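Structure file start_4.cif (mmCIF, C-alpha atoms) is printed below.
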```cif
data_target
loop_
_atom_site.label_atom_id
_atom_site.label_comp_id
_atom_site.auth_asym_id
_atom_site.auth_seq_id
_atom_site.Cartn_x
_atom_site.Cartn_y
_atom_site.Cartn_z
CA MET A 1 46.97 12.51 196.14
CA THR A 2 48.46 15.97 196.66
CA ASP A 3 51.36 14.79 194.47
CA GLU A 4 48.89 13.84 191.76
CA ILE A 5 47.28 17.28 191.97
CA LYS A 6 50.72 18.90 191.79
CA SER A 7 51.71 16.80 188.78
CA LYS A 8 48.72 18.21 186.84
CA ILE A 9 49.93 21.80 187.23
CA CYS A 10 52.19 22.70 184.35
CA GLU A 11 54.56 25.59 184.07
CA VAL A 12 54.28 27.78 180.98
CA LYS A 13 57.38 29.87 180.45
CA ASP A 14 57.17 33.58 179.61
CA PHE A 15 53.41 33.92 180.16
CA PRO A 16 51.78 36.42 180.40
CA LYS A 17 55.07 38.22 179.86
CA PRO A 18 58.79 37.38 179.44
CA GLY A 19 60.48 36.11 182.60
CA ILE A 20 57.30 34.84 184.27
CA GLY A 21 56.86 31.08 184.74
CA PHE A 22 53.08 30.75 184.80
CA LYS A 23 51.58 27.83 186.74
CA ASP A 24 48.60 26.60 184.77
CA ILE A 25 46.02 25.08 187.09
CA THR A 26 43.35 24.37 184.46
CA PRO A 27 44.35 20.67 184.14
CA VAL A 28 43.55 20.21 187.85
CA VAL A 29 40.01 21.52 187.35
CA GLU A 30 39.53 19.47 184.18
CA ASP A 31 40.37 16.25 186.01
CA ALA A 32 37.26 15.13 187.89
CA SER A 33 39.06 13.37 190.75
CA CYS A 34 41.70 16.07 191.28
CA TYR A 35 39.08 18.83 191.18
CA LYS A 36 36.93 16.96 193.70
CA ARG A 37 39.91 16.37 195.98
CA VAL A 38 40.85 20.06 195.94
CA ILE A 39 37.30 21.05 196.84
CA ASP A 40 37.17 18.42 199.59
CA LEU A 41 40.43 19.66 201.14
CA MET A 42 39.46 23.33 200.93
CA THR A 43 35.99 22.60 202.33
CA ASP A 44 37.37 20.61 205.26
CA TRP A 45 39.75 23.42 206.14
CA ALA A 46 37.22 26.20 205.54
CA LYS A 47 34.71 24.50 207.83
CA THR A 48 37.10 24.83 210.78
CA LYS A 49 37.09 28.63 210.33
CA ASP A 50 33.28 28.81 210.57
CA PRO A 51 32.80 31.38 207.77
CA GLN A 52 29.46 33.03 207.02
CA LEU A 53 30.40 34.05 203.47
CA ILE A 54 32.93 33.02 200.83
CA ALA A 55 34.67 35.75 198.81
CA ALA A 56 36.34 34.55 195.61
CA ILE A 57 38.90 36.49 193.59
CA GLU A 58 38.32 36.91 189.83
CA SER A 59 38.48 34.78 187.88
CA ARG A 60 40.29 31.56 188.71
CA GLY A 61 39.32 31.95 192.36
CA PHE A 62 35.70 31.47 191.22
CA LEU A 63 36.59 27.90 190.12
CA PHE A 64 37.19 26.92 193.74
CA GLY A 65 35.09 29.42 195.70
CA GLY A 66 31.79 28.35 194.12
CA PRO A 67 32.01 24.66 194.97
CA VAL A 68 33.33 25.38 198.49
CA ALA A 69 30.46 27.82 199.14
CA HIS A 70 28.02 25.23 197.81
CA ARG A 71 29.45 22.49 200.02
CA LEU A 72 29.23 24.73 203.09
CA GLY A 73 25.73 25.96 202.22
CA LEU A 74 26.99 29.55 202.01
CA GLY A 75 26.63 32.42 199.61
CA MET A 76 29.62 33.75 197.73
CA THR A 77 30.62 37.28 196.92
CA VAL A 78 33.07 38.26 194.22
CA ILE A 79 36.23 40.34 194.25
CA ARG A 80 36.64 41.66 190.72
CA LYS A 81 38.96 43.80 188.69
CA LYS A 82 38.13 47.46 188.13
CA GLY A 83 35.04 48.24 186.09
CA LYS A 84 33.41 44.81 186.10
CA LEU A 85 30.88 45.30 188.90
CA PRO A 86 27.86 47.37 187.93
CA ARG A 87 26.74 48.89 191.22
CA LYS A 88 28.39 51.00 193.92
CA VAL A 89 31.81 49.55 194.72
CA VAL A 90 34.62 49.91 197.22
CA SER A 91 38.07 49.47 195.73
CA VAL A 92 41.72 48.94 196.70
CA ARG A 93 44.97 49.01 194.78
CA ALA A 94 46.01 45.47 193.96
CA PRO A 95 49.52 45.29 192.55
CA ASN A 96 50.56 41.80 191.43
CA GLU A 97 53.67 40.40 189.79
CA TYR A 98 52.49 41.45 186.33
CA ALA A 99 50.84 44.83 186.77
CA VAL A 100 49.12 47.27 189.10
CA GLU A 101 45.39 46.57 189.15
CA HIS A 102 42.50 47.48 191.38
CA PHE A 103 40.14 45.09 193.11
CA GLU A 104 36.52 46.04 193.65
CA MET A 105 33.62 44.64 195.63
CA HIS A 106 30.03 45.79 195.70
CA ALA A 107 29.70 48.12 198.68
CA ASP A 108 26.74 46.12 200.03
CA SER A 109 28.27 42.66 199.61
CA VAL A 110 29.55 42.09 203.16
CA GLU A 111 27.71 42.73 206.40
CA HIS A 112 29.43 44.44 209.31
CA GLY A 113 31.28 41.81 211.35
CA GLU A 114 30.52 39.02 208.89
CA ARG A 115 33.02 36.15 208.96
CA VAL A 116 34.47 35.98 205.44
CA LEU A 117 36.78 33.33 204.00
CA ILE A 118 38.65 34.37 200.85
CA ILE A 119 39.51 31.90 198.08
CA ASP A 120 41.90 32.28 195.16
CA ASP A 121 43.74 29.85 192.89
CA LEU A 122 47.30 30.84 193.75
CA ILE A 123 49.46 32.79 196.17
CA ALA A 124 52.47 34.38 194.47
CA THR A 125 54.08 37.39 196.18
CA GLY A 126 51.01 37.70 198.39
CA SER A 127 50.34 41.27 197.42
CA SER A 128 47.02 40.61 195.71
CA SER A 129 46.01 38.41 198.66
CA VAL A 130 46.80 41.30 201.03
CA SER A 131 44.74 43.65 198.84
CA ALA A 132 41.78 41.27 198.91
CA ILE A 133 41.98 40.96 202.71
CA GLU A 134 42.08 44.73 203.09
CA LEU A 135 39.13 45.17 200.75
CA VAL A 136 36.96 42.77 202.77
CA GLN A 137 38.02 44.53 205.96
CA LYS A 138 37.21 47.93 204.42
CA LEU A 139 33.66 46.63 203.92
CA GLY A 140 33.47 45.70 207.59
CA GLY A 141 34.06 41.98 207.21
CA LYS A 142 36.23 39.84 209.48
CA VAL A 143 38.60 37.74 207.36
CA VAL A 144 38.70 34.32 209.02
CA GLY A 145 40.94 32.63 206.44
CA PHE A 146 42.53 32.68 203.02
CA ALA A 147 42.68 29.48 200.95
CA ALA A 148 44.42 28.86 197.65
CA LEU A 149 45.25 25.78 195.63
CA VAL A 150 48.89 26.78 195.01
CA ASP A 151 51.58 28.53 197.03
CA LEU A 152 54.68 29.68 195.14
CA ALA A 153 56.84 29.49 198.28
CA PHE A 154 59.92 30.97 196.56
CA LEU A 155 58.03 34.27 196.23
CA LYS A 156 57.38 34.31 200.01
CA GLY A 157 53.70 35.18 199.64
CA ILE A 158 52.53 33.51 202.84
CA GLU A 159 55.28 35.31 204.80
CA ASN A 160 54.20 38.61 203.27
CA ILE A 161 50.52 38.02 204.05
CA LYS A 162 51.40 37.03 207.64
CA LYS A 163 53.49 40.18 208.04
CA ALA A 164 50.58 42.39 206.99
CA HIS A 165 47.79 40.35 208.61
CA PRO A 166 49.14 38.04 211.34
CA ASP A 167 45.64 37.02 212.40
CA VAL A 168 44.53 35.63 209.04
CA GLU A 169 45.09 31.90 208.75
CA ILE A 170 46.28 30.68 205.37
CA PHE A 171 45.78 27.34 203.67
CA SER A 172 47.31 26.00 200.48
CA ILE A 173 47.30 22.52 199.00
CA VAL A 174 50.29 22.45 196.66
CA THR A 175 53.62 24.20 197.27
CA PHE A 176 56.26 24.96 194.67
CA GLU A 177 59.75 25.65 195.99
CA GLU A 178 60.93 27.02 192.64
CA MET B 179 11.34 29.97 194.67
CA THR B 180 12.13 30.94 191.09
CA ASP B 181 10.35 34.22 191.81
CA GLU B 182 12.59 34.76 194.80
CA ILE B 183 15.67 34.15 192.64
CA LYS B 184 14.31 36.57 190.03
CA SER B 185 13.62 39.23 192.64
CA LYS B 186 17.32 39.21 193.61
CA ILE B 187 18.46 40.14 190.10
CA CYS B 188 18.61 43.88 189.75
CA GLU B 189 18.81 45.92 186.60
CA VAL B 190 21.55 48.52 186.37
CA LYS B 191 20.86 51.07 183.67
CA ASP B 192 23.56 52.13 181.19
CA PHE B 193 26.12 49.50 182.22
CA PRO B 194 28.64 48.69 180.80
CA LYS B 195 27.66 51.35 178.27
CA PRO B 196 24.76 53.75 177.59
CA GLY B 197 21.54 52.09 176.49
CA ILE B 198 22.30 48.70 178.04
CA GLY B 199 20.20 47.54 181.01
CA PHE B 200 22.60 45.18 182.78
CA LYS B 201 21.08 42.36 184.85
CA ASP B 202 23.23 41.98 187.95
CA ILE B 203 23.16 38.37 189.16
CA THR B 204 25.68 38.78 192.00
CA PRO B 205 22.93 39.11 194.67
CA VAL B 206 21.67 35.63 193.72
CA VAL B 207 25.11 34.12 194.34
CA GLU B 208 25.52 36.06 197.59
CA ASP B 209 22.29 34.66 198.98
CA ALA B 210 23.02 31.15 200.31
CA SER B 211 19.56 29.71 199.69
CA CYS B 212 19.09 31.24 196.23
CA TYR B 213 22.58 30.14 195.15
CA LYS B 214 21.93 26.60 196.39
CA ARG B 215 18.58 26.47 194.63
CA VAL B 216 20.12 27.59 191.32
CA ILE B 217 22.81 24.92 191.58
CA ASP B 218 20.21 22.29 192.49
CA LEU B 219 18.06 23.17 189.47
CA MET B 220 20.99 23.28 187.05
CA THR B 221 22.38 20.01 188.42
CA ASP B 222 19.03 18.22 188.14
CA TRP B 223 18.68 19.33 184.53
CA ALA B 224 22.32 18.69 183.62
CA LYS B 225 22.12 15.17 185.00
CA THR B 226 19.45 14.26 182.42
CA LYS B 227 21.90 15.16 179.61
CA ASP B 228 24.54 12.73 180.93
CA PRO B 229 27.53 15.03 180.33
CA GLN B 230 31.14 13.89 180.73
CA LEU B 231 32.56 17.40 181.13
CA ILE B 232 31.28 20.85 182.10
CA ALA B 233 32.52 23.88 180.12
CA ALA B 234 31.97 27.24 181.81
CA ILE B 235 32.17 30.62 180.14
CA GLU B 236 34.39 33.33 181.72
CA SER B 237 33.83 34.64 184.21
CA ARG B 238 30.31 34.62 185.66
CA GLY B 239 29.73 31.20 184.10
CA PHE B 240 32.39 29.90 186.50
CA LEU B 241 30.13 30.79 189.45
CA PHE B 242 27.63 28.14 188.36
CA GLY B 243 29.76 25.70 186.36
CA GLY B 244 32.07 24.84 189.26
CA PRO B 245 29.38 23.78 191.73
CA VAL B 246 27.44 21.87 189.05
CA ALA B 247 30.61 19.99 187.98
CA HIS B 248 31.30 19.24 191.65
CA ARG B 249 27.78 17.93 192.26
CA LEU B 250 28.00 15.69 189.19
CA GLY B 251 31.52 14.49 190.04
CA LEU B 252 32.87 15.90 186.77
CA GLY B 253 35.80 18.00 185.70
CA MET B 254 35.28 21.46 184.28
CA THR B 255 37.01 23.19 181.42
CA VAL B 256 37.00 26.92 180.85
CA ILE B 257 36.03 29.07 177.88
CA ARG B 258 37.97 32.29 178.24
CA LYS B 259 38.47 35.58 176.51
CA LYS B 260 41.44 36.03 174.20
CA GLY B 261 44.91 35.94 175.75
CA LYS B 262 43.98 34.48 179.15
CA LEU B 263 44.88 30.82 178.55
CA PRO B 264 48.60 30.11 178.59
CA ARG B 265 48.93 27.06 176.36
CA LYS B 266 47.92 26.20 172.78
CA VAL B 267 44.37 27.37 172.17
CA VAL B 268 41.60 27.10 169.61
CA SER B 269 39.55 30.27 169.21
CA VAL B 270 36.32 31.60 167.70
CA ARG B 271 34.91 35.06 167.17
CA ALA B 272 32.41 35.83 169.92
CA PRO B 273 30.45 38.99 169.24
CA ASN B 274 28.12 40.00 172.08
CA GLU B 275 25.83 42.93 172.67
CA TYR B 276 28.68 45.12 173.90
CA ALA B 277 31.65 44.30 171.64
CA VAL B 278 33.33 41.77 169.39
CA GLU B 279 35.46 39.43 171.45
CA HIS B 280 37.11 36.08 170.92
CA PHE B 281 36.60 32.97 173.02
CA GLU B 282 39.44 30.52 173.51
CA MET B 283 39.81 27.03 174.93
CA HIS B 284 42.96 25.02 175.45
CA ALA B 285 43.33 22.79 172.39
CA ASP B 286 43.65 19.69 174.59
CA SER B 287 40.72 20.43 176.90
CA VAL B 288 38.02 18.29 175.24
CA GLU B 289 38.35 14.72 174.02
CA HIS B 290 36.96 13.68 170.67
CA GLY B 291 33.30 12.78 171.06
CA GLU B 292 33.18 13.90 174.71
CA ARG B 293 29.71 14.92 175.93
CA VAL B 294 30.06 18.54 177.05
CA LEU B 295 27.50 20.69 178.85
CA ILE B 296 28.10 24.43 178.66
CA ILE B 297 27.19 26.79 181.52
CA ASP B 298 26.96 30.56 181.54
CA ASP B 299 25.19 33.12 183.70
CA LEU B 300 22.95 34.68 181.08
CA ILE B 301 21.61 34.31 177.56
CA ALA B 302 21.16 37.68 175.82
CA THR B 303 21.12 37.69 172.00
CA GLY B 304 22.53 34.17 172.03
CA SER B 305 25.50 35.05 169.91
CA SER B 306 28.11 34.35 172.55
CA SER B 307 26.30 31.09 173.41
CA VAL B 308 26.48 30.09 169.72
CA SER B 309 30.20 30.93 169.67
CA ALA B 310 30.81 28.79 172.76
CA ILE B 311 28.93 25.85 171.23
CA GLU B 312 30.93 26.14 168.02
CA LEU B 313 34.19 26.31 169.94
CA VAL B 314 33.45 23.09 171.84
CA GLN B 315 32.43 21.43 168.57
CA LYS B 316 35.63 22.64 166.89
CA LEU B 317 37.55 20.77 169.60
CA GLY B 318 35.62 17.60 168.77
CA GLY B 319 33.16 17.73 171.65
CA LYS B 320 29.46 16.92 171.46
CA VAL B 321 27.45 19.72 173.10
CA VAL B 322 24.68 17.98 175.02
CA GLY B 323 23.19 21.09 176.60
CA PHE B 324 23.53 24.75 177.44
CA ALA B 325 22.39 26.05 180.83
CA ALA B 326 22.17 29.61 182.10
CA LEU B 327 20.60 31.29 185.10
CA VAL B 328 18.92 34.06 183.09
CA ASP B 329 17.26 34.31 179.68
CA LEU B 330 16.56 37.80 178.34
CA ALA B 331 13.67 36.56 176.21
CA PHE B 332 13.12 39.96 174.54
CA LEU B 333 16.52 39.56 172.85
CA LYS B 334 15.44 36.18 171.39
CA GLY B 335 18.66 34.42 172.37
CA ILE B 336 17.15 30.95 172.74
CA GLU B 337 15.50 31.28 169.31
CA ASN B 338 18.83 32.30 167.82
CA ILE B 339 20.72 29.43 169.43
CA LYS B 340 18.04 26.96 168.27
CA LYS B 341 18.29 28.32 164.72
CA ALA B 342 22.04 27.76 164.63
CA HIS B 343 22.09 24.53 166.67
CA PRO B 344 18.67 22.85 166.74
CA ASP B 345 20.07 19.78 168.51
CA VAL B 346 21.41 21.60 171.56
CA GLU B 347 18.93 21.64 174.43
CA ILE B 348 18.78 24.84 176.43
CA PHE B 349 17.85 25.42 180.05
CA SER B 350 17.32 28.66 181.91
CA ILE B 351 15.87 29.35 185.33
CA VAL B 352 14.73 32.97 185.20
CA THR B 353 13.20 34.71 182.18
CA PHE B 354 12.87 38.44 181.67
CA GLU B 355 10.34 39.56 179.09
CA GLU B 356 11.69 43.09 179.01
#
```
So that I can check it, write out the structure of this file as structure tokens.
Amino acid sequence: MTDEIKSKICEVKDFPKPGIGFKDITPVVEDASCYKRVIDLMTDWAKTKDPQLIAAIESRGFLFGGPVAHRLGLGMTVIRKKGKLPRKVVSVRAPNEYAVEHFEMHADSVEHGERVLIIDDLIATGSSSVSAIELVQKLGGKVVGFAALVDLAFLKGIENIKKAHPDVEIFSIVTFEE
Amino acid sequence: MTDEIKSKICEVKDFPKPGIGFKDITPVVEDASCYKRVIDLMTDWAKTKDPQLIAAIESRGFLFGGPVAHRLGLGMTVIRKKGKLPRKVVSVRAPNEYAVEHFEMHADSVEHGERVLIIDDLIATGSSSVSAIELVQKLGGKVVGFAALVDLAFLKGIENIKKAHPDVEIFSIVTFEE
């Protein structure tokens, strides 16, 4: 089944800019049984971390965070790019493989000591994952896990996250070695 | 319960630009019981339309579309802003109350005659809803419903959608009269 999920992910060359091989996960979400399976696997793993809140990273992370939060009976908070959230925010620099961005969260979106599980679609170099973890921590949350559908292992993202945050457990469903 | 959901939505004045009173729905999604209730209500309504696919509008529409698709055992396709989708797209002009944008969908994301239910967070003037409906139709889909958490009734969005597409049924949970 994981092979079937992987087979749905197609690589688009030179998107969003020359030299990048973009992994397009939309066909996974469009396929009812693959989408369900991804949510089942993420939910099963997330449950073992006993989170109190899901935090999803804009915008493809929302595709997975919402259903996982729903399955666990939790609320979900959003990690968005600069300028999208209307109230008082806390922000961090969030460089990724395409550009330097900033992530923001509403300042009141996490309670002190709250157990937060972060969800995104994909781990590349890990630098935006690290930024998201640091943002939740800045708000006083305890990051109990980070889940993504895809790990681009050749970019060593999980290694990089582990180096920065050895206590955060990481889960991915599909791994690409190149 | 609908009153409780409504009470969570706060108005932020002059966001994203002067003169706009932005309705912030993130506190609804952060609250586990309100989020669950919204998904329950949308799912119950969506079920009566017998959709084969959910289409969610970037990016707050993803917060609701994902869980509803999951509950109904369906796949979800995404309606995104220009330049975000990596493969061949079909696009429409999507003016909203802030700016003129374009919505895009992957050209292969809807099958001919497929029953599609569109989900967004909010109906304002209805013009971006109309654009989304026309985009799904352009791809050959039959739009069997449009669901949103919020209707800003004073902007007459539902009237405007009905004028353009009298056959599309519309559902909203919370209405603001001003």
With only C-alpha atoms considered, list every residue of chain A at most 10 Å from chain B, as an NGL selection string. :A and (10-16 or 22-24 or 26-36 or 39-40 or 52-56 or 58-78 or 80 or 83-87 or 106 or 108-110)
Residue subset to file, keeping C-alpha atoms, as an mmCIF file, keeping the file's coordinate frame:
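The new file part-v2.cif reads:
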```
data_model
loop_
_atom_site.group_PDB
_atom_site.id
_atom_site.type_symbol
_atom_site.label_atom_id
_atom_site.label_comp_id
_atom_site.auth_asym_id
_atom_site.auth_seq_id
_atom_site.Cartn_x
_atom_site.Cartn_y
_atom_site.Cartn_z
ATOM 1 C CA CYS A 10 52.190 22.700 184.350
ATOM 2 C CA GLU A 11 54.560 25.590 184.070
ATOM 3 C CA VAL A 12 54.280 27.780 180.980
ATOM 4 C CA LYS A 13 57.380 29.870 180.450
ATOM 5 C CA ASP A 14 57.170 33.580 179.610
ATOM 6 C CA PHE A 15 53.410 33.920 180.160
ATOM 7 C CA PRO A 16 51.780 36.420 180.400
ATOM 8 C CA PHE A 22 53.080 30.750 184.800
ATOM 9 C CA LYS A 23 51.580 27.830 186.740
ATOM 10 C CA ASP A 24 48.600 26.600 184.770
ATOM 11 C CA THR A 26 43.350 24.370 184.460
ATOM 12 C CA PRO A 27 44.350 20.670 184.140
ATOM 13 C CA VAL A 28 43.550 20.210 187.850
ATOM 14 C CA VAL A 29 40.010 21.520 187.350
ATOM 15 C CA GLU A 30 39.530 19.470 184.180
ATOM 16 C CA ASP A 31 40.370 16.250 186.010
ATOM 17 C CA ALA A 32 37.260 15.130 187.890
ATOM 18 C CA SER A 33 39.060 13.370 190.750
ATOM 19 C CA CYS A 34 41.700 16.070 191.280
ATOM 20 C CA TYR A 35 39.080 18.830 191.180
ATOM 21 C CA LYS A 36 36.930 16.960 193.700
ATOM 22 C CA ILE A 39 37.300 21.050 196.840
ATOM 23 C CA ASP A 40 37.170 18.420 199.590
ATOM 24 C CA GLN A 52 29.460 33.030 207.020
ATOM 25 C CA LEU A 53 30.400 34.050 203.470
ATOM 26 C CA ILE A 54 32.930 33.020 200.830
ATOM 27 C CA ALA A 55 34.670 35.750 198.810
ATOM 28 C CA ALA A 56 36.340 34.550 195.610
ATOM 29 C CA GLU A 58 38.320 36.910 189.830
ATOM 30 C CA SER A 59 38.480 34.780 187.880
ATOM 31 C CA ARG A 60 40.290 31.560 188.710
ATOM 32 C CA GLY A 61 39.320 31.950 192.360
ATOM 33 C CA PHE A 62 35.700 31.470 191.220
ATOM 34 C CA LEU A 63 36.590 27.900 190.120
ATOM 35 C CA PHE A 64 37.190 26.920 193.740
ATOM 36 C CA GLY A 65 35.090 29.420 195.700
ATOM 37 C CA GLY A 66 31.790 28.350 194.120
ATOM 38 C CA PRO A 67 32.010 24.660 194.970
ATOM 39 C CA VAL A 68 33.330 25.380 198.490
ATOM 40 C CA ALA A 69 30.460 27.820 199.140
ATOM 41 C CA HIS A 70 28.020 25.230 197.810
ATOM 42 C CA ARG A 71 29.450 22.490 200.020
ATOM 43 C CA LEU A 72 29.230 24.730 203.090
ATOM 44 C CA GLY A 73 25.730 25.960 202.220
ATOM 45 C CA LEU A 74 26.990 29.550 202.010
ATOM 46 C CA GLY A 75 26.630 32.420 199.610
ATOM 47 C CA MET A 76 29.620 33.750 197.730
ATOM 48 C CA THR A 77 30.620 37.280 196.920
ATOM 49 C CA VAL A 78 33.070 38.260 194.220
ATOM 50 C CA ARG A 80 36.640 41.660 190.720
ATOM 51 C CA GLY A 83 35.040 48.240 186.090
ATOM 52 C CA LYS A 84 33.410 44.810 186.100
ATOM 53 C CA LEU A 85 30.880 45.300 188.900
ATOM 54 C CA PRO A 86 27.860 47.370 187.930
ATOM 55 C CA ARG A 87 26.740 48.890 191.220
ATOM 56 C CA HIS A 106 30.030 45.790 195.700
ATOM 57 C CA ASP A 108 26.740 46.120 200.030
ATOM 58 C CA SER A 109 28.270 42.660 199.610
ATOM 59 C CA VAL A 110 29.550 42.090 203.160
#
```
Spatial neighbours of Val150 (chain A), 6 Å, only C-alpha atoms, chain gap at least 3 places, as an MDAnalysis selection string: chainID A and resid 122 172 174:175
Could you give me, as JSON lines, every region 25-117 of chain A residue with an atom at most 8 Å from region 125-132 of chain A, plus its closest atom pair and distance in Å to one decimal, counting all atoms listed in the file, rows ordered by chain then number?
```
{"residue": "A:Ile57", "atom": "CA", "partner": "A:Ala132", "partner_atom": "CA", "distance": 7.7}
{"residue": "A:Ile79", "atom": "CA", "partner": "A:Ala132", "partner_atom": "CA", "distance": 7.3}
{"residue": "A:Val92", "atom": "CA", "partner": "A:Ser131", "partner_atom": "CA", "distance": 6.5}
{"residue": "A:Arg93", "atom": "CA", "partner": "A:Ser131", "partner_atom": "CA", "distance": 6.7}
{"residue": "A:Ala94", "atom": "CA", "partner": "A:Ser128", "partner_atom": "CA", "distance": 5.3}
{"residue": "A:Pro95", "atom": "CA", "partner": "A:Ser128", "partner_atom": "CA", "distance": 6.2}
{"residue": "A:Asn96", "atom": "CA", "partner": "A:Ser128", "partner_atom": "CA", "distance": 5.7}
{"residue": "A:Glu97", "atom": "CA", "partner": "A:Thr125", "partner_atom": "CA", "distance": 7.1}
{"residue": "A:Phe103", "atom": "CA", "partner": "A:Ala132", "partner_atom": "CA", "distance": 7.1}
```
Those selected residues, please, written with C-alpha atoms and delivered as a PDB file, keeping the file's coordinate frame.
```pdb
ATOM      1  CA  ILE A  57      38.900  36.490 193.590  1.00  0.00           C
ATOM      2  CA  ILE A  79      36.230  40.340 194.250  1.00  0.00           C
ATOM      3  CA  VAL A  92      41.720  48.940 196.700  1.00  0.00           C
ATOM      4  CA  ARG A  93      44.970  49.010 194.780  1.00  0.00           C
ATOM      5  CA  ALA A  94      46.010  45.470 193.960  1.00  0.00           C
ATOM      6  CA  PRO A  95      49.520  45.290 192.550  1.00  0.00           C
ATOM      7  CA  ASN A  96      50.560  41.800 191.430  1.00  0.00           C
ATOM      8  CA  GLU A  97      53.670  40.400 189.790  1.00  0.00           C
ATOM      9  CA  PHE A 103      40.140  45.090 193.110  1.00  0.00           C
TER      10      PHE A 103
END
```
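Separating CA of Arg215 (chain B) from CA of Glu292 (chain B) is a distance of 27.7 Å.
Proximity ranking of B:Pro196, B:Asp298, B:Ile351, B:Val268 relative to Leu219 (chain B) places B:Ile351 first, based on all atoms listed in the file.
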Please enumerate the residues selected by the PyMOL selection byres ((chain B and resi 338) around 12) when evaluated against the supplied file, formatted as a list in words. Ile301, Ala302, Thr303, Gly304, Ser305, Ser306, Ser307, Val308, Ser309, Ala331, Phe332, Leu333, Lys334, Gly335, Ile336, Glu337, Ile339, Lys340, Lys341, Ala342, His343, Pro344, Val346 and Ile348 of chain B
What is the CA of Ile198 (chain B) to CA of Glu279 (chain B) distance in Å?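 Between CA of Ile198 (chain B) and CA of Glu279 (chain B) the gap works out to 17.4 Å.
CA of Met1 (chain A) lies 28.2 Å from CA of Val116 (chain A).
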Please report, as AutoDock Vina command-line options, the centre and edge lengths in Å to one decimal of an axis-aligned box covering all listed atoms of region 33-48 of chain A with 8 Å per side.
```
--center_x 38.2 --center_y 19.8 --center_z 200.8 --size_x 23.0 --size_y 28.8 --size_z 36.0
```
Applying the PyMOL selection byres ((chain B and resi 224) around 10) to the file I just gave you, which residues come out? Please list them as a list in words.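 When the PyMOL selection byres ((chain B and resi 224) around 10) is applied, the selected residues are Asp218, Leu219, Met220, Thr221, Asp222, Trp223, Lys225, Thr226, Lys227, Asp228, Pro229, Ile232, Val246, Ala247, Leu250, Leu295, Ile296, Ile297, Val322, Gly323, Phe324, Ala325 and Phe349 of chain B.
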Render region 34-46 of chain A from the structure in the preceding block as a file of C-alpha atoms, as a PDB file, in the first residue's frame.
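As written to disk, selection_15.pdb reads:
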```
ATOM      1  CA  CYS A  34      -4.582   6.507  -0.868  1.00  0.00           C
ATOM      2  CA  TYR A  35      -5.728   9.652   0.951  1.00  0.00           C
ATOM      3  CA  LYS A  36      -7.550   7.552   3.550  1.00  0.00           C
ATOM      4  CA  ARG A  37      -4.524   5.309   4.025  1.00  0.00           C
ATOM      5  CA  VAL A  38      -2.220   8.288   4.574  1.00  0.00           C
ATOM      6  CA  ILE A  39      -4.574   9.726   7.179  1.00  0.00           C
ATOM      7  CA  ASP A  40      -4.907   6.327   8.876  1.00  0.00           C
ATOM      8  CA  LEU A  41      -1.119   5.910   9.100  1.00  0.00           C
ATOM      9  CA  MET A  42      -0.519   9.454  10.341  1.00  0.00           C
ATOM     10  CA  THR A  43      -3.348   9.162  12.869  1.00  0.00           C
ATOM     11  CA  ASP A  44      -2.070   5.845  14.231  1.00  0.00           C
ATOM     12  CA  TRP A  45       1.397   7.298  14.695  1.00  0.00           C
ATOM     13  CA  ALA A  46       0.181  10.637  16.053  1.00  0.00           C
TER      14      ALA A  46
END
```
